[in-house]
file data_4.csv (CSV, C-alpha atoms)
chain,number,residue,atom,x,y,z
F,4,THR,CA,9.3,-17.1,11.3
F,5,CYS,CA,12.6,-15.6,10.2
F,6,SER,CA,16.2,-16.2,11.0
F,7,GLY,CA,19.4,-14.5,9.8
F,8,ASP,CA,23.1,-14.2,10.3
F,9,GLN,CA,25.3,-11.1,9.8
F,10,SER,CA,28.4,-12.4,11.7
F,11,GLY,CA,31.3,-14.7,10.9
F,12,LEU,CA,34.8,-14.5,9.6
F,13,GLY,CA,35.9,-12.6,6.6
F,14,TYR,CA,39.4,-11.5,5.4
F,15,THR,CA,41.3,-8.4,4.7
F,16,PHE,CA,44.6,-7.2,3.3
F,17,GLY,CA,46.2,-3.8,2.7
F,18,ALA,CA,49.2,-1.5,2.9
F,19,ALA,CA,50.0,1.5,5.0
F,20,TYR,CA,52.8,4.1,4.4
F,21,TRP,CA,53.8,6.1,7.5
F,22,VAL,CA,55.0,9.4,6.1
F,23,LEU,CA,55.9,10.5,9.6
F,24,PRO,CA,56.0,8.4,12.8
F,25,PHE,CA,52.5,9.8,13.6
F,26,LEU,CA,50.9,10.2,10.1
F,27,ALA,CA,50.1,7.6,7.5
F,28,ALA,CA,48.0,6.7,4.4
F,29,GLU,CA,46.5,3.3,4.1
F,30,GLY,CA,44.5,1.3,1.5
F,31,THR,CA,42.6,-1.9,2.6
F,32,TYR,CA,40.4,-4.5,0.9
F,33,ILE,CA,37.8,-6.0,3.3
F,34,LYS,CA,35.7,-9.0,2.4
F,35,PRO,CA,33.1,-9.4,5.2
F,36,PRO,CA,31.1,-12.6,5.7
F,37,ASP,CA,27.9,-12.8,3.7
F,38,ALA,CA,24.7,-11.8,5.6
F,39,THR,CA,21.9,-14.3,5.2
F,40,ALA,CA,18.2,-14.4,6.0
F,41,THR,CA,15.6,-17.2,5.6
F,42,GLY,CA,12.0,-17.4,6.7
F,43,THR,CA,8.4,-18.2,6.1
F,44,VAL,CA,5.5,-15.7,5.8
F,45,GLY,CA,2.1,-17.2,5.3
F,46,ASN,CA,2.4,-19.6,2.4
F,47,ALA,CA,5.7,-18.1,1.1
F,48,THR,CA,9.3,-19.1,2.0
F,49,PHE,CA,12.3,-17.0,1.2
F,50,ASN,CA,16.1,-17.2,1.2
F,51,SER,CA,18.3,-14.1,0.9
F,52,VAL,CA,22.0,-13.4,0.7
F,53,PHE,CA,23.9,-10.1,0.8
F,54,GLU,CA,27.5,-10.2,-0.3
F,55,ALA,CA,29.8,-7.2,-0.1
F,56,GLN,CA,33.4,-6.1,-0.9
F,57,ILE,CA,34.8,-2.9,0.6
F,58,LEU,CA,37.9,-0.9,-0.3
F,59,THR,CA,39.0,1.8,2.2
F,60,ILE,CA,41.4,4.7,1.7
F,61,VAL,CA,42.2,6.4,5.0
F,62,GLY,CA,44.4,8.8,6.7
F,63,LYS,CA,45.8,7.6,10.0
F,64,ALA,CA,47.1,9.5,13.0
F,65,GLY,CA,49.1,7.6,15.6
F,66,ILE,CA,51.1,8.1,18.7
F,67,PRO,CA,54.4,6.1,18.8
F,68,LEU,CA,54.8,4.7,22.4
F,69,GLY,CA,57.9,2.5,22.1
F,70,PRO,CA,56.8,-0.8,20.4
F,71,MET,CA,53.1,0.3,20.4
F,72,ARG,CA,51.3,2.8,18.3
F,73,PRO,CA,47.6,3.5,19.0
F,74,PHE,CA,45.9,5.1,16.0
F,75,GLY,CA,42.8,6.6,14.7
F,76,GLN,CA,41.7,6.8,11.1
F,77,ILE,CA,39.2,8.4,8.8
F,78,GLY,CA,38.6,8.3,5.1
F,79,ALA,CA,36.5,7.0,2.2
F,80,SER,CA,35.1,3.6,1.4
F,81,TYR,CA,34.0,2.1,-1.9
F,82,HIS,CA,31.8,-1.0,-2.0
F,83,GLN,CA,30.4,-3.4,-4.5
F,84,SER,CA,27.6,-5.6,-3.4
F,85,LYS,CA,25.2,-8.2,-4.6
F,86,PHE,CA,21.8,-9.0,-3.0
F,87,ARG,CA,20.0,-12.2,-4.0
F,88,THR,CA,16.7,-13.5,-2.8
F,89,SER,CA,14.5,-16.4,-3.8
F,90,GLN,CA,10.8,-16.7,-2.8
F,91,THR,CA,8.7,-19.8,-3.2
F,92,MET,CA,4.9,-19.8,-2.9
F,93,THR,CA,3.8,-23.1,-1.3
F,94,GLY,CA,0.4,-24.5,-0.9
F,95,ALA,CA,-0.5,-24.2,-4.6
F,96,VAL,CA,-0.9,-27.1,-7.0
F,97,GLN,CA,2.4,-26.1,-8.5
F,98,PRO,CA,4.8,-24.1,-6.3
F,99,ASN,CA,5.9,-20.9,-7.9
F,100,THR,CA,9.5,-19.6,-7.3
F,101,GLN,CA,10.6,-16.1,-8.1
F,102,SER,CA,14.3,-14.8,-7.9
F,103,TYR,CA,15.7,-11.3,-7.7
F,104,GLU,CA,19.2,-10.0,-7.8
F,105,LEU,CA,20.5,-6.5,-7.2
F,106,GLN,CA,24.1,-5.3,-7.7
F,107,THR,CA,25.2,-2.0,-6.3
F,108,ASP,CA,28.3,0.1,-5.9
F,109,GLY,CA,29.0,3.4,-4.3
F,110,TRP,CA,31.2,5.6,-2.2
F,111,GLY,CA,30.8,6.4,1.5
F,112,TRP,CA,32.9,7.1,4.6
F,113,VAL,CA,34.9,5.0,7.0
F,114,PHE,CA,36.3,5.7,10.5
F,115,GLY,CA,37.8,3.8,13.4
F,116,GLY,CA,41.0,3.1,15.3
F,117,GLY,CA,43.2,0.5,16.8
F,118,MET,CA,46.7,-0.5,18.0
F,119,GLU,CA,49.9,-1.8,16.5
F,120,VAL,CA,52.4,-3.8,18.7
F,121,TRP,CA,55.8,-4.5,17.1
F,122,LEU,CA,57.6,-7.6,18.4
F,123,SER,CA,60.7,-6.7,16.3
F,124,SER,CA,61.7,-4.0,13.8
F,125,VAL,CA,60.0,-6.0,11.0
F,126,PHE,CA,57.1,-8.0,12.5
F,127,GLY,CA,54.1,-7.0,14.6
F,128,PHE,CA,50.5,-7.5,15.4
F,129,TYR,CA,47.5,-5.2,15.2
F,130,GLY,CA,43.9,-4.9,16.3
F,131,GLU,CA,41.4,-2.5,14.7
F,132,PHE,CA,37.8,-1.6,14.8
F,133,GLY,CA,35.7,0.6,12.5
F,134,THR,CA,32.6,1.4,10.6
F,135,ALA,CA,32.3,1.7,6.9
F,136,SER,CA,29.4,3.1,4.9
F,137,VAL,CA,27.9,0.6,2.4
F,138,LYS,CA,25.7,3.0,0.4
F,139,GLY,CA,25.1,3.0,-3.3
F,140,THR,CA,22.8,2.7,-6.3
F,141,ALA,CA,22.0,-0.2,-8.6
F,142,LYS,CA,24.3,-1.1,-11.5
F,143,ASP,CA,23.2,-2.3,-14.9
F,144,ASP,CA,20.2,0.0,-15.2
F,145,GLU,CA,18.3,-1.8,-12.5
F,146,GLU,CA,16.2,-0.1,-9.9
F,147,GLY,CA,17.2,-0.3,-6.2
F,148,ALA,CA,19.8,1.0,-3.7
F,149,VAL,CA,21.6,-0.1,-0.6
F,150,ASP,CA,22.1,2.2,2.5
F,151,ASP,CA,23.8,0.3,5.3
F,152,ARG,CA,27.1,0.1,7.2
F,153,ALA,CA,29.6,-2.6,8.0
F,154,THR,CA,31.0,-2.5,11.6
F,155,TYR,CA,34.2,-4.6,11.8
F,156,VAL,CA,36.8,-5.8,14.1
F,157,LEU,CA,40.1,-6.9,12.6
F,158,PHE,CA,43.2,-8.7,14.0
F,159,GLY,CA,46.3,-9.7,12.1
F,160,ALA,CA,50.0,-9.4,11.5
F,161,ARG,CA,52.1,-6.6,10.0
F,162,VAL,CA,55.4,-6.8,8.2
F,163,ARG,CA,57.5,-3.7,7.8
F,164,LEU,CA,59.2,-3.4,4.3
F,165,GLY,CA,62.1,-1.1,3.7
F,166,GLY,CA,63.8,1.1,6.3
call {"tool": "encode", "arguments": {"input": "data_4.csv", "output": "structure tokens"}}
result
Amino acid sequence: TCSGDQSGLGYTFGAAYWVLPFLAAEGTYIKPPDATATGTVGNATFNSVFEAQILTIVGKAGIPLGPMRPFGQIGASYHQSKFRTSQTMTGAVQPNTQSYELQTDGWGWVFGGGMEVWLSSVFGFYGEFGTASVKGTAKDDEEGAVDDRATYVLFGARVRLGG
């Protein structure tokens, strides 16, 4: 038997600079929820956790439509992650537990799109969806790699600074 969870709430923050009303550059930090898995195989039980942090640097293209601006984006993503698992062999006279940890980092791609809706000249809301590559090699001379992706949906508020 095995169960897992890859959903939940995370958080994000970032900044965008619209060079022109239809062209911007943006940097964003994304902390997705941890992915977990637990299970039993024969006489072994395991618990695993995958934690990730993602930084995106994107170019955005949007279409100003009054107070709304739909946009698309594409760029690069950098991740740092940690995978931990603990396995216990049961049924023996003395249960035996082994633990493993792998830390990775690496660059990949990100793309997506969304919509901004401005309620005033300085305050608005946004919704965004996207996919970021989580692909990299082990740090600290360990062996291992990660090759995955994070699909995300973001909602939040925006504040315009300056003119």
call {"tool": "closest_residue", "arguments": {"input": "data_4.csv", "among": "F:Ala28, F:Met92, F:Leu23, F:Val137", "to": "Glu54 of chain F", "atoms": "only C-alpha atoms"}}
result
F:Val137
call {"tool": "residues_around", "arguments": {"input": "data_4.csv", "residues": "segment 32-36 of chain F", "least_positions_apart": "5", "cutoff": "12 Å", "atoms": "all atoms listed in the file", "output": "ChimeraX atom specification"}}
result
/F:8-18,52-61,80-84,113,133-135,137,152-157
call {"tool": "write_last_selection", "arguments": {"input": "data_4.csv", "atoms": "C-alpha atoms", "output": "short mmCIF file (atom, residue, chain, number, x, y, z; two decimals), in the frame of the given file"}}
result
data_model
loop_
_atom_site.label_atom_id
_atom_site.label_comp_id
_atom_site.auth_asym_id
_atom_site.auth_seq_id
_atom_site.Cartn_x
_atom_site.Cartn_y
_atom_site.Cartn_z
CA ASP F 8 23.10 -14.20 10.30
CA GLN F 9 25.30 -11.10 9.80
CA SER F 10 28.40 -12.40 11.70
CA GLY F 11 31.30 -14.70 10.90
CA LEU F 12 34.80 -14.50 9.60
CA GLY F 13 35.90 -12.60 6.60
CA TYR F 14 39.40 -11.50 5.40
CA THR F 15 41.30 -8.40 4.70
CA PHE F 16 44.60 -7.20 3.30
CA GLY F 17 46.20 -3.80 2.70
CA ALA F 18 49.20 -1.50 2.90
CA VAL F 52 22.00 -13.40 0.70
CA PHE F 53 23.90 -10.10 0.80
CA GLU F 54 27.50 -10.20 -0.30
CA ALA F 55 29.80 -7.20 -0.10
CA GLN F 56 33.40 -6.10 -0.90
CA ILE F 57 34.80 -2.90 0.60
CA LEU F 58 37.90 -0.90 -0.30
CA THR F 59 39.00 1.80 2.20
CA ILE F 60 41.40 4.70 1.70
CA VAL F 61 42.20 6.40 5.00
CA SER F 80 35.10 3.60 1.40
CA TYR F 81 34.00 2.10 -1.90
CA HIS F 82 31.80 -1.00 -2.00
CA GLN F 83 30.40 -3.40 -4.50
CA SER F 84 27.60 -5.60 -3.40
CA VAL F 113 34.90 5.00 7.00
CA GLY F 133 35.70 0.60 12.50
CA THR F 134 32.60 1.40 10.60
CA ALA F 135 32.30 1.70 6.90
CA VAL F 137 27.90 0.60 2.40
CA ARG F 152 27.10 0.10 7.20
CA ALA F 153 29.60 -2.60 8.00
CA THR F 154 31.00 -2.50 11.60
CA TYR F 155 34.20 -4.60 11.80
CA VAL F 156 36.80 -5.80 14.10
CA LEU F 157 40.10 -6.90 12.60
#
call {"tool": "atom_distance", "arguments": {"input": "data_4.csv", "atom1": "atom CA of Gly45 of chain F", "atom2": "atom CA of Gln106 of chain F"}}
result
28.2 Å
call {"tool": "closest_residue", "arguments": {"input": "data_4.csv", "among": "F:Gly109, F:Thr41, F:Asn46, F:Ile66", "to": "Pro24 of chain F", "atoms": "all atoms listed in the file"}}
result
F:Ile66
call {"tool": "residues_around", "arguments": {"input": "data_4.csv", "residues": "segment 122-129 of chain F", "least_positions_apart": "6", "cutoff": "7 Å", "atoms": "all atoms listed in the file", "output": "PDB file with C-alpha atoms, keeping the file's coordinate frame"}}
result
ATOM      1  CA  PHE F 158      43.200  -8.700  14.000  1.00  0.00           C
ATOM      2  CA  GLY F 159      46.300  -9.700  12.100  1.00  0.00           C
ATOM      3  CA  ALA F 160      50.000  -9.400  11.500  1.00  0.00           C
ATOM      4  CA  ARG F 161      52.100  -6.600  10.000  1.00  0.00           C
ATOM      5  CA  VAL F 162      55.400  -6.800   8.200  1.00  0.00           C
ATOM      6  CA  ARG F 163      57.500  -3.700   7.800  1.00  0.00           C
TER       7      ARG F 163
END
call {"tool": "residues_near_point", "arguments": {"input": "data_4.csv", "point": "(48.3, 5.6, 7.8)", "cutoff": "7 Å", "atoms": "all atoms listed in the file", "output": "short mmCIF file (atom, residue, chain, number, x, y, z; two decimals) with C-alpha atoms, in the coordinates of the input"}}
result
data_model
loop_
_atom_site.label_atom_id
_atom_site.label_comp_id
_atom_site.auth_asym_id
_atom_site.auth_seq_id
_atom_site.Cartn_x
_atom_site.Cartn_y
_atom_site.Cartn_z
CA ALA F 19 50.00 1.50 5.00
CA TYR F 20 52.80 4.10 4.40
CA TRP F 21 53.80 6.10 7.50
CA LEU F 26 50.90 10.20 10.10
CA ALA F 27 50.10 7.60 7.50
CA ALA F 28 48.00 6.70 4.40
CA GLU F 29 46.50 3.30 4.10
CA VAL F 61 42.20 6.40 5.00
CA GLY F 62 44.40 8.80 6.70
CA LYS F 63 45.80 7.60 10.00
CA ALA F 64 47.10 9.50 13.00
#
call {"tool": "closest_residue", "arguments": {"input": "data_4.csv", "among": "F:Phe86, F:Trp121, F:Phe132, F:Trp112", "to": "Asp37 of chain F", "atoms": "all atoms listed in the file"}}
result
F:Phe86
call {"tool": "atom_distance", "arguments": {"input": "data_4.csv", "atom1": "atom CA of Gln76 of chain F", "atom2": "atom CA of Glu131 of chain F"}}
result
10.0 Å
call {"tool": "decode", "arguments": {"input": "data_4.csv", "residues": "segment 17-148 of chain F", "atoms": "C-alpha atoms", "output": "compact mmCIF listing (two decimals), in the first residue's frame"}}
result
# COMPACT_ATOMS: atom_id res chain seq x y z
CA GLY F 17 8.19 38.69 -6.84
CA ALA F 18 8.55 41.89 -8.82
CA ALA F 19 7.80 42.81 -12.42
CA TYR F 20 8.93 45.83 -14.40
CA TRP F 21 6.81 46.74 -17.42
CA VAL F 22 9.27 48.38 -19.84
CA LEU F 23 6.40 49.05 -22.23
CA PRO F 24 2.65 48.54 -21.62
CA PHE F 25 2.96 45.18 -23.40
CA LEU F 26 6.50 43.99 -22.40
CA ALA F 27 7.94 43.19 -18.96
CA ALA F 28 10.66 41.33 -17.06
CA GLU F 29 9.81 39.52 -13.83
CA GLY F 30 11.60 37.64 -11.07
CA THR F 31 9.58 35.40 -8.73
CA TYR F 32 10.32 33.11 -5.78
CA ILE F 33 7.95 30.12 -5.48
CA LYS F 34 7.80 27.82 -2.43
CA PRO F 35 5.45 24.97 -3.38
CA PRO F 36 4.03 22.63 -0.74
CA ASP F 37 6.12 19.59 0.12
CA ALA F 38 5.30 16.36 -1.74
CA THR F 39 4.99 13.36 0.57
CA ALA F 40 4.69 9.60 0.17
CA THR F 41 4.27 6.81 2.73
CA GLY F 42 3.75 3.12 2.30
CA THR F 43 4.43 -0.49 3.07
CA VAL F 44 6.09 -3.02 0.78
CA GLY F 45 6.36 -6.50 2.23
CA ASN F 46 8.00 -6.11 5.64
CA ALA F 47 9.30 -2.57 4.96
CA THR F 48 7.63 0.78 5.62
CA PHE F 49 8.82 4.08 4.19
CA ASN F 50 8.20 7.81 4.57
CA SER F 51 9.45 10.26 1.93
CA VAL F 52 9.35 14.06 1.61
CA PHE F 53 10.36 16.21 -1.39
CA GLU F 54 10.90 19.93 -0.65
CA ALA F 55 11.63 22.46 -3.38
CA GLN F 56 12.26 26.18 -3.82
CA ILE F 57 12.03 27.72 -7.30
CA LEU F 58 13.25 31.06 -8.63
CA THR F 59 11.90 32.15 -12.03
CA ILE F 60 13.19 34.86 -14.35
CA VAL F 61 10.78 35.49 -17.22
CA GLY F 62 9.94 37.80 -20.05
CA LYS F 63 6.23 38.73 -20.18
CA ALA F 64 4.12 39.90 -23.09
CA GLY F 65 0.69 41.33 -22.35
CA ILE F 66 -2.20 43.11 -24.02
CA PRO F 67 -3.51 46.15 -22.08
CA LEU F 68 -7.33 46.07 -22.25
CA GLY F 69 -8.43 48.91 -19.97
CA PRO F 70 -8.01 47.74 -16.36
CA MET F 71 -7.15 44.17 -17.48
CA ARG F 72 -3.98 42.77 -18.98
CA PRO F 73 -3.83 39.13 -20.12
CA PHE F 74 -0.21 37.98 -20.42
CA GLY F 75 2.00 35.10 -21.42
CA GLN F 76 5.49 34.43 -20.09
CA ILE F 77 8.54 32.32 -20.79
CA GLY F 78 11.95 32.13 -19.18
CA ALA F 79 14.32 30.25 -16.91
CA SER F 80 13.85 28.56 -13.56
CA TYR F 81 16.44 27.70 -10.92
CA HIS F 82 15.56 25.22 -8.18
CA GLN F 83 17.01 23.89 -4.96
CA SER F 84 15.46 20.74 -3.56
CA LYS F 85 15.82 18.20 -0.80
CA PHE F 86 14.52 14.63 -0.93
CA ARG F 87 14.45 12.65 2.34
CA THR F 88 13.31 9.10 2.84
CA SER F 89 13.34 6.78 5.82
CA GLN F 90 12.76 3.04 5.49
CA THR F 91 12.18 0.63 8.38
CA MET F 92 12.39 -3.14 8.06
CA THR F 93 9.80 -4.68 10.37
CA GLY F 94 9.27 -8.29 11.36
CA ALA F 95 12.88 -8.75 12.48
CA VAL F 96 13.92 -9.20 16.12
CA GLN F 97 15.30 -5.65 15.98
CA PRO F 98 13.71 -3.31 13.42
CA ASN F 99 16.32 -1.73 11.15
CA THR F 100 15.87 1.86 9.92
CA GLN F 101 17.82 3.44 7.07
CA SER F 102 17.65 7.11 6.06
CA TYR F 103 18.69 8.84 2.84
CA GLU F 104 18.87 12.52 1.86
CA LEU F 105 19.57 13.99 -1.57
CA GLN F 106 19.99 17.73 -2.20
CA THR F 107 19.88 18.99 -5.79
CA ASP F 108 19.95 22.23 -7.71
CA GLY F 109 19.81 23.17 -11.36
CA TRP F 110 18.42 25.33 -14.14
CA GLY F 111 15.44 24.64 -16.35
CA TRP F 112 12.63 26.44 -18.16
CA VAL F 113 9.32 27.98 -17.16
CA PHE F 114 6.30 29.09 -19.16
CA GLY F 115 2.71 30.09 -18.50
CA GLY F 116 0.25 32.93 -18.55
CA GLY F 117 -2.42 34.77 -16.64
CA MET F 118 -4.39 37.95 -16.12
CA GLU F 119 -4.00 41.15 -14.10
CA VAL F 120 -7.07 43.18 -13.11
CA TRP F 121 -6.38 46.65 -11.69
CA LEU F 122 -9.02 48.05 -9.31
CA SER F 123 -7.22 51.41 -9.07
CA SER F 124 -4.03 52.94 -10.45
CA VAL F 125 -1.99 51.34 -7.62
CA PHE F 126 -3.81 48.12 -6.57
CA GLY F 127 -4.87 45.04 -8.47
CA PHE F 128 -5.33 41.29 -8.41
CA TYR F 129 -3.83 38.57 -10.60
CA GLY F 130 -4.21 34.93 -11.48
CA GLU F 131 -1.46 32.91 -13.14
CA PHE F 132 -0.76 29.35 -14.19
CA GLY F 133 2.48 27.79 -15.37
CA THR F 134 4.93 24.93 -15.46
CA ALA F 135 8.51 25.11 -14.19
CA SER F 136 11.21 22.54 -14.80
CA VAL F 137 12.72 21.03 -11.62
CA LYS F 138 15.78 19.36 -13.07
CA GLY F 139 19.23 19.16 -11.55
CA THR F 140 22.08 17.15 -10.17
CA ALA F 141 23.17 16.33 -6.64
CA LYS F 142 25.07 18.80 -4.49
CA ASP F 143 27.87 17.96 -2.06
CA ASP F 144 29.47 15.20 -4.20
CA GLU F 145 26.48 12.88 -3.70
CA GLU F 146 25.09 10.72 -6.49
CA GLY F 147 21.58 11.30 -7.76
CA ALA F 148 19.47 13.66 -9.79
